[in-house]
Amino acid sequence: MLAAVGSAVGLGNIWKFPYLAGANGGGAFVLVYLLCVAVVGIPLLIAEVLIGRHGRLSPVNSLARLARKAHASHLWPLAGAVGMVAGLIILSFYSVIGGWALAYVVRTASGLFVDVTAEGAANIFQGLIRDPERLLAWHTLFILMTALVAVRGVRSGLEQAVRLLVPALIILLLVVVGYNLNSGHFMQALDFLFRPDFDRFGANGALQALGHAFFTLSLGMGAMLIYGSYLPAAAPIPRMALAVALLDTLIAMLAGLAIFPLVFANDLAPGSGPGLLFTTLPVAFGHMPGGTYVGTLFFLLLVLAAWTSAISLLEPLVAWLVENLRLQRSRSVTLAAFLAWLLGLVSLLSFSRWAFSFRFGGQVRHNGWFDALDVLTSGIMLPAVGLAIALFGGWVLPRRITAGELGNGPVGHLWRLAIRYLVPLAIATVFLGMTGVI
Ligand code: PFF
């Protein structure tokens, strides 16, 4: 379970959630996102862990084994394969942002942000993301860190790290939230984040909220499925899924309350995009007492959170390479990490030489390939795989298997109702909304 928390809690909560909420108007996005976590995310998390625990193999092979057992189509494992590719793509840009976080550890520790203005922080950020060589060094370091742990086969170190990481992260976020309480803009941030205004919220916002529920809970690409395959038979899956989702959501909400009062206090645009975290928090660290220490520790923890997530992004592909190509674990990790590193170059250059804008779902995206890969994974691949997993878990897996894993009590019944009807309906509605059918 600690590994699952490590996978879920990451850049998605602290970096991505705030900028998505900002770009999609605040409250309405947050409400739909919370709904998606509760209605789609938790049942799917249970389904993935359950399938993994029963299949005991990598996502593709677990699905194949269970499909055979249920005398179902041999196409089901395709969902695992699509998820595996999505994981590789996500890791490629995740590592670039992990690199930003690494760079910010050094920048904060060196005192660069002492007394910084919002404009100064924005300039420092632009200086970093427009410098491909520097980004390349950090991206490479982040991938190497991830590969190193993956080669050694996760487990105990990862669990110890998560035990320390989560409380420390919550405390540091609370420090920034506490600092913001006096800024005079806290209420404005609360209002922005929690008062839904559906006037400017449409299908595209709903798709991003749904996609982010997948991203933040590490669903739709097999990470939770594979952690389920390592889970002891007696562990209570629903209770663990609930705990993972609650902790994950708590951290995202705290990140929002850490960032948005600073946005309003400094007259910044909530919808400024992926740089939001990196242009707001340094201003707080630059002015609070002991800010250099607090800030350095914060970015260190952010790196650690990103690291424990990145490991889980690599795991399904690595396990598949070991099982199907009979590669050694170290070779599999090297191959998968190299592919992610290479593809990462595309995102890395999206902020400078290869920058371009495009329109998707009525919204302009400014960060070229980086945004395109995000739309492809969070907006399309993860929800599509999620839909397949829901149909597989709800309609294909024999009841004796799911009841054997979850018991015959009310929780099992509730899960079955959700996974058969609610989850497919919710995902289909959002997809159809995007196509303009409804
Ligand atoms: N859940 C991670 C985050 O919120 O940062 C990102 C992630 C990790 C997505 C693992 C998908 C995944 F399989």
# chains A, B, ... in the order shown; residues from 1 in each chain; ligands from 1
$ residues_around --residues "stretch 247-256 of chain A" --least-positions-apart "2" --cutoff "7 Å" --atoms "only C-alpha atoms" --output "PyMOL selection string"
chain A and resi 8-9+13-14+17-18+170+173+243-245+258-260
$ write_last_selection --atoms "C-alpha atoms" --output "JSON list (two decimals), in the first residue's frame"
[["chain", "number", "residue", "atom", "x", "y", "z"],
["A", 8, "ALA", "CA", -0.17, 8.21, -6.59],
["A", 9, "VAL", "CA", 1.37, 11.14, -4.74],
["A", 13, "ASN", "CA", -0.87, 16.56, -7.02],
["A", 14, "ILE", "CA", 1.49, 19.44, -6.49],
["A", 17, "PHE", "CA", -3.52, 19.80, -10.26],
["A", 18, "PRO", "CA", -3.07, 23.52, -9.46],
["A", 170, "ILE", "CA", 1.93, 17.51, 4.26],
["A", 173, "LEU", "CA", 2.54, 22.34, 2.46],
["A", 243, "ALA", "CA", -6.82, 5.50, 1.93],
["A", 244, "VAL", "CA", -4.72, 6.05, -1.19],
["A", 245, "ALA", "CA", -7.41, 8.24, -2.78],
["A", 258, "ALA", "CA", -0.43, 26.80, -1.03],
["A", 259, "ILE", "CA", -0.37, 28.18, -4.54],
["A", 260, "PHE", "CA", -3.52, 30.19, -5.26]]
$ residues_near_ligand --ligand "ligand 1" --cutoff "7 Å" --atoms "only C-alpha atoms and all ligand atoms" --output "MDAnalysis selection string"
chainID A and resid 7:13 87 215:219 221:223 306 309:310 312:313
$ residues_around --residues "A:Val346" --least-positions-apart "3" --cutoff "10 Å" --atoms "only C-alpha atoms" --output "list in words"
Ser92, Phe93, Val96, Trp341, Leu342, Leu343, Leu349, Ser350, Phe351, Trp354, Gly368, Trp369, Phe370 and Leu373 of chain A
$ write_last_selection --atoms "N, CA and C atoms" --output "PDB file, in the first residue's frame"
ATOM      1  N   SER A  92       8.140   9.963 -20.038  1.00  0.00           N
ATOM      2  CA  SER A  92       9.032  10.812 -20.825  1.00  0.00           C
ATOM      3  C   SER A  92       8.870  12.287 -20.458  1.00  0.00           C
ATOM      4  N   PHE A  93       7.635  12.753 -20.286  1.00  0.00           N
ATOM      5  CA  PHE A  93       7.521  14.189 -19.911  1.00  0.00           C
ATOM      6  C   PHE A  93       7.567  14.396 -18.407  1.00  0.00           C
ATOM      7  N   VAL A  96      10.983  15.207 -17.438  1.00  0.00           N
ATOM      8  CA  VAL A  96      11.398  16.581 -17.735  1.00  0.00           C
ATOM      9  C   VAL A  96      10.981  17.506 -16.587  1.00  0.00           C
ATOM     10  N   TRP A 341      13.732   8.368 -21.962  1.00  0.00           N
ATOM     11  CA  TRP A 341      14.672   9.498 -22.038  1.00  0.00           C
ATOM     12  C   TRP A 341      14.631  10.142 -23.428  1.00  0.00           C
ATOM     13  N   LEU A 342      14.671   9.258 -24.435  1.00  0.00           N
ATOM     14  CA  LEU A 342      14.692   9.736 -25.820  1.00  0.00           C
ATOM     15  C   LEU A 342      13.423  10.518 -26.158  1.00  0.00           C
ATOM     16  N   LEU A 343      12.293   9.942 -25.805  1.00  0.00           N
ATOM     17  CA  LEU A 343      11.025  10.609 -26.093  1.00  0.00           C
ATOM     18  C   LEU A 343      10.912  11.908 -25.291  1.00  0.00           C
ATOM     19  N   LEU A 349      12.132  20.103 -25.595  1.00  0.00           N
ATOM     20  CA  LEU A 349      12.297  21.169 -26.584  1.00  0.00           C
ATOM     21  C   LEU A 349      10.999  21.938 -26.841  1.00  0.00           C
ATOM     22  N   SER A 350       9.886  21.421 -26.264  1.00  0.00           N
ATOM     23  CA  SER A 350       8.592  22.077 -26.486  1.00  0.00           C
ATOM     24  C   SER A 350       8.531  23.463 -25.861  1.00  0.00           C
ATOM     25  N   PHE A 351       9.440  23.722 -24.940  1.00  0.00           N
ATOM     26  CA  PHE A 351       9.387  25.015 -24.255  1.00  0.00           C
ATOM     27  C   PHE A 351      10.340  26.024 -24.886  1.00  0.00           C
ATOM     28  N   TRP A 354      11.089  23.954 -30.186  1.00  0.00           N
ATOM     29  CA  TRP A 354       9.971  23.319 -30.869  1.00  0.00           C
ATOM     30  C   TRP A 354       8.615  23.807 -30.357  1.00  0.00           C
ATOM     31  N   GLY A 368       3.303  23.013 -27.300  1.00  0.00           N
ATOM     32  CA  GLY A 368       3.649  22.062 -28.347  1.00  0.00           C
ATOM     33  C   GLY A 368       3.481  20.597 -27.997  1.00  0.00           C
ATOM     34  N   TRP A 369       4.530  19.840 -28.249  1.00  0.00           N
ATOM     35  CA  TRP A 369       4.471  18.390 -28.071  1.00  0.00           C
ATOM     36  C   TRP A 369       4.196  17.990 -26.637  1.00  0.00           C
ATOM     37  N   PHE A 370       4.695  18.792 -25.705  1.00  0.00           N
ATOM     38  CA  PHE A 370       4.453  18.482 -24.298  1.00  0.00           C
ATOM     39  C   PHE A 370       2.946  18.410 -24.038  1.00  0.00           C
ATOM     40  N   LEU A 373       1.269  15.399 -25.980  1.00  0.00           N
ATOM     41  CA  LEU A 373       1.433  14.091 -25.322  1.00  0.00           C
ATOM     42  C   LEU A 373       0.563  13.988 -24.075  1.00  0.00           C
TER      43      LEU A 373
END
$ atom_distance --atom1 "atom CA of A:Ile226" --atom2 "atom CA of A:Leu45"
11.6 Å
$ closest_residue --among "A:Leu169, A:Leu301, A:Val430, A:Ala372" --to "A:Ala355" --atoms "only C-alpha atoms"
A:Ala372
$ closest_atom_pairs --of "stretch 28-105 of chain A" --to "stretch 117-134 of chain A" --cutoff "10 Å" --atoms "only C-alpha atoms" --output "tab-separated table"
residue	atom	partner	partner_atom	distance
A:Val96	CA	A:Ile129	CA	9.9
A:Ile97	CA	A:Ile129	CA	9.9
A:Gly99	CA	A:Arg134	CA	9.4
A:Trp100	CA	A:Leu128	CA	7.9
A:Ala103	CA	A:Leu128	CA	8.4
A:Tyr104	CA	A:Phe125	CA	9.2
$ atom_distance --atom1 "atom CA of A:Gly27" --atom2 "atom CA of A:Asp374"
22.0 Å
$ closest_residue --among "A:Phe392, A:Tyr179, A:Tyr227, A:Phe29" --to "A:Ala213" --atoms "only C-alpha atoms"
A:Phe29
$ select_by_dssp --residues "stretch 103-154 of chain A" --states "helix (DSSP H, G or I)" --output "PyMOL selection string"
chain A and resi 103-109+118-129+132-151
$ closest_residue --among "A:Glu405, A:Ile42, A:Leu164, A:Val294" --to "A:Leu246" --atoms "only C-alpha atoms"
A:Ile42
